[in-house]
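S.K.: What follows is run24.tsv, TSV, C-alpha atoms.
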chain	number	residue	atom	x	y	z
U	1	GLY	CA	237.20	95.05	-18.17
U	2	VAL	CA	239.42	96.20	-20.99
U	3	LEU	CA	242.08	97.45	-18.57
U	4	ASP	CA	242.42	94.33	-16.42
U	5	GLY	CA	245.30	92.94	-18.44
U	6	LEU	CA	247.21	96.17	-18.04
U	7	GLY	CA	247.40	96.14	-14.27
U	8	VAL	CA	245.79	99.58	-14.37
U	9	GLN	CA	243.62	100.65	-11.46
U	10	PRO	CA	242.19	103.91	-12.79
U	11	ALA	CA	240.24	104.79	-9.66
U	12	VAL	CA	243.45	104.56	-7.63
U	13	ASP	CA	246.31	105.29	-10.01
U	14	LEU	CA	244.72	107.57	-12.56
U	15	ASP	CA	241.87	109.23	-10.71
U	16	VAL	CA	239.54	107.89	-13.41
U	17	ASP	CA	236.52	105.79	-12.56
U	18	LEU	CA	236.97	102.20	-13.77
U	19	ALA	CA	233.71	102.08	-15.73
U	20	LEU	CA	234.50	105.42	-17.37
U	21	ALA	CA	237.99	104.25	-18.28
U	22	ASP	CA	236.62	101.09	-19.89
U	23	ARG	CA	234.09	103.11	-21.87
U	24	LEU	CA	236.80	105.50	-23.03
U	25	ALA	CA	238.97	102.64	-24.24
U	26	GLU	CA	236.06	100.91	-25.95
U	27	GLY	CA	234.85	104.14	-27.48
U	28	LEU	CA	238.28	104.63	-29.03
U	29	GLU	CA	238.11	101.03	-30.33
U	30	LEU	CA	241.36	100.30	-28.49
U	31	GLY	CA	240.29	97.42	-26.29
U	32	ARG	CA	242.09	94.85	-28.39
U	33	HIS	CA	245.28	96.92	-28.48
U	34	LEU	CA	245.23	97.75	-24.79
U	35	CYS	CA	244.87	94.09	-23.88
U	36	HIS	CA	247.72	93.10	-26.18
U	37	VAL	CA	250.06	95.70	-24.71
U	38	GLY	CA	248.97	94.84	-21.19
U	39	LEU	CA	249.64	91.17	-21.74
U	40	ALA	CA	253.09	92.00	-23.04
U	41	ALA	CA	253.78	94.03	-19.92
U	42	GLU	CA	252.40	91.36	-17.59
U	43	ALA	CA	254.66	88.79	-19.21
U	44	TRP	CA	257.63	91.13	-18.58
U	45	LEU	CA	258.50	91.37	-22.25
U	46	ASP	CA	261.38	93.72	-22.95
U	47	GLY	CA	259.44	95.99	-25.28
U	48	HIS	CA	260.91	94.54	-28.46
U	49	ASP	CA	258.37	91.81	-29.20
U	50	GLN	CA	257.39	92.60	-32.77
U	51	ASP	CA	253.89	91.22	-32.28
U	52	HIS	CA	253.15	94.26	-30.09
U	53	VAL	CA	254.94	97.07	-31.92
U	54	HIS	CA	251.91	97.81	-34.10
U	55	ASP	CA	249.68	97.97	-31.01
U	56	VAL	CA	251.95	100.50	-29.34
U	57	GLU	CA	252.08	102.58	-32.52
U	58	GLU	CA	248.28	102.74	-32.55
U	59	LEU	CA	248.22	103.72	-28.88
U	60	GLU	CA	250.61	106.57	-29.57
U	61	GLY	CA	248.49	107.64	-32.52
U	62	SER	CA	245.42	107.83	-30.30
U	63	LEU	CA	246.95	110.27	-27.82
U	64	GLY	CA	245.35	113.70	-27.85
U	65	GLU	CA	241.71	112.58	-27.60
U	66	GLY	CA	241.39	114.39	-24.25
U	67	PRO	CA	242.98	114.40	-20.77
U	68	ALA	CA	240.98	111.50	-19.34
U	69	SER	CA	241.51	109.14	-22.29
U	70	ASP	CA	245.14	110.25	-22.56
U	71	GLN	CA	245.74	109.09	-18.98
U	72	VAL	CA	244.51	105.60	-19.82
U	73	LEU	CA	246.61	105.44	-22.98
U	74	LEU	CA	249.71	106.81	-21.25
U	75	GLU	CA	249.37	104.14	-18.60
U	76	ALA	CA	249.21	101.51	-21.33
U	77	LEU	CA	252.35	102.89	-22.98
U	78	GLY	CA	254.06	102.91	-19.59
U	79	ASN	CA	253.19	99.26	-19.04
U	80	ALA	CA	254.54	98.39	-22.49
U	81	GLY	CA	257.86	100.06	-21.57
U	82	GLN	CA	259.11	100.54	-25.13
U	83	ASP	CA	261.91	103.02	-25.73
U	84	ARG	CA	260.31	104.05	-29.01
U	85	SER	CA	257.50	105.69	-27.00
U	86	LEU	CA	259.89	108.24	-25.51
U	87	PRO	CA	259.24	111.07	-28.03
U	88	ALA	CA	255.48	110.82	-27.50
U	89	LEU	CA	255.84	110.72	-23.73
U	90	GLU	CA	258.27	113.63	-23.78
U	91	SER	CA	255.81	115.80	-25.66
U	92	TYR	CA	253.08	115.05	-23.11
U	93	LEU	CA	255.30	116.22	-20.27
U	94	GLU	CA	254.65	119.69	-21.71
U	95	ALA	CA	250.86	119.33	-21.80
U	96	GLU	CA	248.77	122.10	-20.30
U	97	ASP	CA	246.73	119.64	-18.23
U	98	GLU	CA	248.59	118.53	-15.10
U	99	GLU	CA	246.93	115.12	-15.05
U	100	THR	CA	248.28	114.43	-18.53
U	101	ARG	CA	251.77	115.55	-17.49
U	102	ALA	CA	251.54	113.32	-14.43
U	103	GLY	CA	250.48	110.40	-16.61
U	104	ALA	CA	253.46	110.96	-18.90
U	105	ALA	CA	255.83	111.07	-15.93
U	106	ALA	CA	254.37	107.84	-14.59
U	107	ALA	CA	254.67	106.20	-18.01
U	108	LEU	CA	258.44	106.84	-18.04
U	109	ARG	CA	259.04	104.57	-15.06
U	110	LYS	CA	260.28	101.62	-17.15
U	111	LEU	CA	262.47	103.67	-19.51
U	112	GLU	CA	265.89	103.85	-17.88
U	113	GLY	CA	267.88	105.58	-20.62
U	114	ALA	CA	269.68	108.84	-20.02
U	115	ARG	CA	267.07	110.96	-21.81
U	116	ALA	CA	264.17	109.48	-19.85
U	117	GLN	CA	265.99	110.08	-16.58
U	118	THR	CA	266.80	113.67	-17.55
U	119	LEU	CA	263.13	114.31	-18.32
U	120	LEU	CA	262.02	112.82	-15.01
U	121	GLN	CA	264.59	114.80	-13.07
U	122	SER	CA	263.48	118.00	-14.76
U	123	SER	CA	259.81	117.31	-13.98
U	124	ALA	CA	260.62	116.39	-10.38
U	125	GLN	CA	262.47	119.65	-9.86
U	126	GLN	CA	260.70	122.17	-12.08
U	127	ASP	CA	257.08	121.26	-12.77
U	128	THR	CA	254.67	123.63	-11.07
U	129	SER	CA	252.26	120.83	-10.12
U	130	PRO	CA	252.94	118.79	-6.96
U	131	ARG	CA	251.07	115.88	-8.59
U	132	VAL	CA	253.50	115.85	-11.51
U	133	ARG	CA	256.56	116.23	-9.30
U	134	ARG	CA	255.34	113.34	-7.15
U	135	GLU	CA	254.85	111.06	-10.16
U	136	ALA	CA	258.28	111.99	-11.51
U	137	VAL	CA	259.91	111.19	-8.18
U	138	ARG	CA	257.99	107.90	-8.01
U	139	SER	CA	259.16	106.92	-11.50
U	140	LEU	CA	262.78	107.71	-10.66
U	141	ALA	CA	262.50	105.67	-7.48
U	142	ALA	CA	261.16	102.71	-9.48
U	143	GLN	CA	264.49	102.52	-11.29
U	144	ALA	CA	267.92	101.55	-10.03
U	145	PRO	CA	269.56	104.52	-8.32
U	146	ASN	CA	272.45	106.47	-9.76
U	147	THR	CA	274.19	109.67	-8.72
U	148	SER	CA	271.80	111.96	-10.60
U	149	SER	CA	268.58	110.29	-9.46
U	150	LEU	CA	269.86	110.14	-5.89
U	151	ASP	CA	270.59	113.87	-6.01
U	152	THR	CA	267.08	114.52	-7.37
U	153	LEU	CA	265.37	112.57	-4.60
U	154	ALA	CA	267.60	114.22	-2.00
U	155	SER	CA	266.63	117.65	-3.31
U	156	ALA	CA	262.93	116.75	-3.31
U	157	LEU	CA	263.12	115.41	0.23
U	158	ARG	CA	264.91	118.47	1.55
U	159	SER	CA	263.24	121.32	-0.23
U	160	ASP	CA	260.03	120.51	-2.11
U	161	ALA	CA	257.22	122.77	-0.93
U	162	ASP	CA	254.68	119.92	-0.91
U	163	VAL	CA	254.99	117.38	1.89
U	164	ARG	CA	253.51	114.65	-0.32
U	165	VAL	CA	256.38	115.03	-2.76
U	166	ARG	CA	258.83	114.91	0.13
U	167	LEU	CA	257.20	111.72	1.42
U	168	GLU	CA	257.41	110.17	-2.05
U	169	ALA	CA	261.11	110.97	-2.17
U	170	LEU	CA	261.58	109.45	1.26
U	171	ASP	CA	259.73	106.29	0.23
U	172	GLY	CA	262.01	106.02	-2.79
U	173	LEU	CA	265.12	106.29	-0.62
U	174	VAL	CA	263.75	103.67	1.76
U	175	ALA	CA	263.14	101.33	-1.18
U	176	TRP	CA	266.65	101.90	-2.51
U	177	LYS	CA	268.08	101.18	0.91
U	178	SER	CA	266.90	97.59	0.58
U	179	TYR	CA	268.51	97.02	-2.84
U	180	SER	CA	271.30	94.47	-2.59
U	181	GLU	CA	273.32	96.29	-5.26
U	182	VAL	CA	273.28	99.56	-3.31
U	183	GLU	CA	276.52	99.73	-1.39
U	184	GLY	CA	279.50	101.92	-0.65
U	185	GLU	CA	279.00	105.64	-1.21
U	186	GLN	CA	275.41	105.23	-2.39
U	187	ALA	CA	274.42	103.28	0.70
U	188	ALA	CA	276.16	105.82	2.93
U	189	ALA	CA	274.42	108.73	1.18
U	190	ILE	CA	271.00	107.12	1.57
U	191	GLU	CA	271.65	106.39	5.25
U	192	SER	CA	272.70	110.00	5.80
U	193	LEU	CA	269.56	111.31	4.10
U	194	LEU	CA	267.36	109.05	6.23
U	195	GLN	CA	269.08	110.28	9.38
U	196	GLU	CA	268.52	113.85	8.24
U	197	ALA	CA	264.86	113.12	7.53
U	198	ALA	CA	264.45	111.60	10.99
U	199	GLN	CA	265.04	115.10	12.33
U	200	ALA	CA	262.51	116.77	10.02
U	201	SER	CA	259.84	119.06	11.39
U	202	GLU	CA	256.98	117.18	9.71
U	203	PRO	CA	255.92	114.27	11.94
U	204	ALA	CA	255.02	112.01	9.01
U	205	ILE	CA	258.47	112.34	7.48
U	206	GLN	CA	260.22	112.04	10.82
U	207	GLU	CA	258.33	108.89	11.82
U	208	ARG	CA	258.76	107.17	8.46
U	209	ALA	CA	262.49	107.89	8.40
U	210	GLN	CA	262.96	106.67	11.94
U	211	ALA	CA	261.10	103.45	11.15
U	212	ALA	CA	263.34	102.88	8.11
U	213	LEU	CA	266.47	103.39	10.18
U	214	GLU	CA	265.26	100.98	12.84
U	215	GLY	CA	264.12	98.34	10.34
Could you render the structure as structure tokens?
M.R.:
Amino acid sequence: GVLDGLGVQPAVDLDVDLALADRLAEGLELGRHLCHVGLAAEAWLDGHDQDHVHDVEELEGSLGEGPASDQVLLEALGNAGQDRSLPALESYLEAEDEETRAGAAAALRKLEGARAQTLLQSSAQQDTSPRVRREAVRSLAAQAPNTSSLDTLASALRSDADVRVRLEALDGLVAWKSYSEVEGEQAAAIESLLQEAAQASEPAIQERAQAALEG
């Protein structure tokens, strides 16, 4: 389908049926652009290939057609990973629809600048929707850890009201634990958080933390 080149699995990642997502993209006459952006992302381009800038501009211009189509387009922008998409993604973090906000948070996963991280940290800590907070935590965890992102995941793990958000934060810490560049104080902080989580009252968190410590 139109979305294959993007690595998008709407039924899993976007809660959108695959056939519906394809029809949405085709109905917006964006199939060609989605494929181009997806191919750029699959090839691990750095977001500055001029052959794809026009495609990303058209994707941004097509946002606002509705929550379901916006999710597909936001995923495409996320796969493209271009810094120039940040203003559009930032505006959609304020959308009324939580699925759209979640899509914007997910689309920020490849943008590692200070502003993108600040936006993700704010969503992870303050958004009223557990779905959005979970996506924000997941996007932060997809990036290399720093003091601020580590503090955000620690806060989510310790105090988020939704256990799914806490599990996402734990998974992020477990992933960071395996990074070869994580050492010294960062490594010690992650180890301490995992030990703390191993004593949590929720069995799922306790078991996952214990497995990470034993692994």
S.K.: Pick out the residues sitting within 12 Å of Arg208 of chain U, and hand them over as a list in words; count only C-alpha atoms, and ignore anything fewer than 2 positions along from it in its own chain.
M.R.: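 My list of contacting residues is Arg166, Leu167, Glu168, Ala169, Leu170, Asp171, Gly172, Leu173, Val174, Leu194, Gln195, Glu196, Ala197, Ala198, Gln199, Ala200, Glu202, Pro203, Ala204, Ile205, Gln206, Gln210, Ala211, Ala212, Leu213, Glu214 and Gly215 of chain U.
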S.K.: Using atom CA of Ala106 of chain U and atom CA of Gln125 of chain U as the two end points, give the distance in Å to one decimal.
M.R.: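 For atom CA of Ala106 of chain U relative to atom CA of Gln125 of chain U, the distance reads 15.1 Å.
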S.K.: Quote the spacing between atom CA of Leu108 of chain U and atom CA of Ala95 of chain U in Å to one decimal place.
M.R.: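 Rounded to one decimal, the two atoms are 15.1 Å apart.
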S.K.: Around all the atoms of segment 152-161 of chain U listed in the file, draw an axis-aligned box and extend it by 4 Å on each of the six sides; I want its centre and edge lengths in Å to one decimal, as AutoDock Vina command-line options.
M.R.:
--center_x 262.4 --center_y 117.7 --center_z -2.9 --size_x 18.4 --size_y 18.2 --size_z 16.9
S.K.: Quick one: of U:Val165, U:Val182, U:Ala136, U:Leu111, who's nearest to Asp83 of chain U, counting all atoms listed in the file?
M.R.: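 Counting all atoms listed in the file, the residue closest to Asp83 of chain U is U:Leu111.
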S.K.: Identify which of the residues U:Leu86, U:Ala124, U:Val132, U:Ala116 lies closest to Leu153 of chain U, counting only C-alpha atoms when measuring atom-to-atom distances.
M.R.: U:Ala124
S.K.: Could you state the separation of atom CA of Ala102 of chain U and atom CA of Pro130 of chain U in Å, given to one decimal place?
M.R.: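 Separation between atom CA of Ala102 of chain U and atom CA of Pro130 of chain U: 9.4 Å.
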S.K.: Name the residues, using the chain letters and numbers of the file, that sit within 12 Å of (258.1, 123.3, -9.0) when counting all atoms listed in the file, and give them as a list of chain:residue names.
M.R.: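 Every residue inside that radius is included here: U:Gln121, U:Ser122, U:Ser123, U:Ala124, U:Gln125, U:Gln126, U:Asp127, U:Thr128, U:Ser129, U:Pro130, U:Arg131, U:Val132, U:Arg133, U:Arg134, U:Ala136, U:Ser155, U:Ala156, U:Ser159, U:Asp160, U:Ala161, U:Asp162, U:Val165.
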S.K.: Would you give me, as a Markdown table, each residue of segment 90-158 of chain U having an atom within 6 Å of an atom of segment 67-82 of chain U, along with its shortest atom pair and that distance in Å to one decimal, using all atoms listed in the file and sorting by chain and residue number?
M.R.:
| residue | atom | partner | partner_atom | distance |
| --- | --- | --- | --- | --- |
| U:Thr100 | CA | U:Pro67 | CA | 5.8 |
| U:Gly103 | CA | U:Gln71 | CA | 5.5 |
| U:Ala107 | CA | U:Gly78 | CA | 3.7 |
| U:Lys110 | CA | U:Gly81 | CA | 5.3 |
S.K.: Smallest atom-to-atom distance to Thr118 of chain U: which of U:Ser91, U:Ser149, U:Asp97, U:Ala144, using all atoms listed in the file?
M.R.: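 The shortest atom-to-atom distance to Thr118 of chain U comes from U:Ser149.
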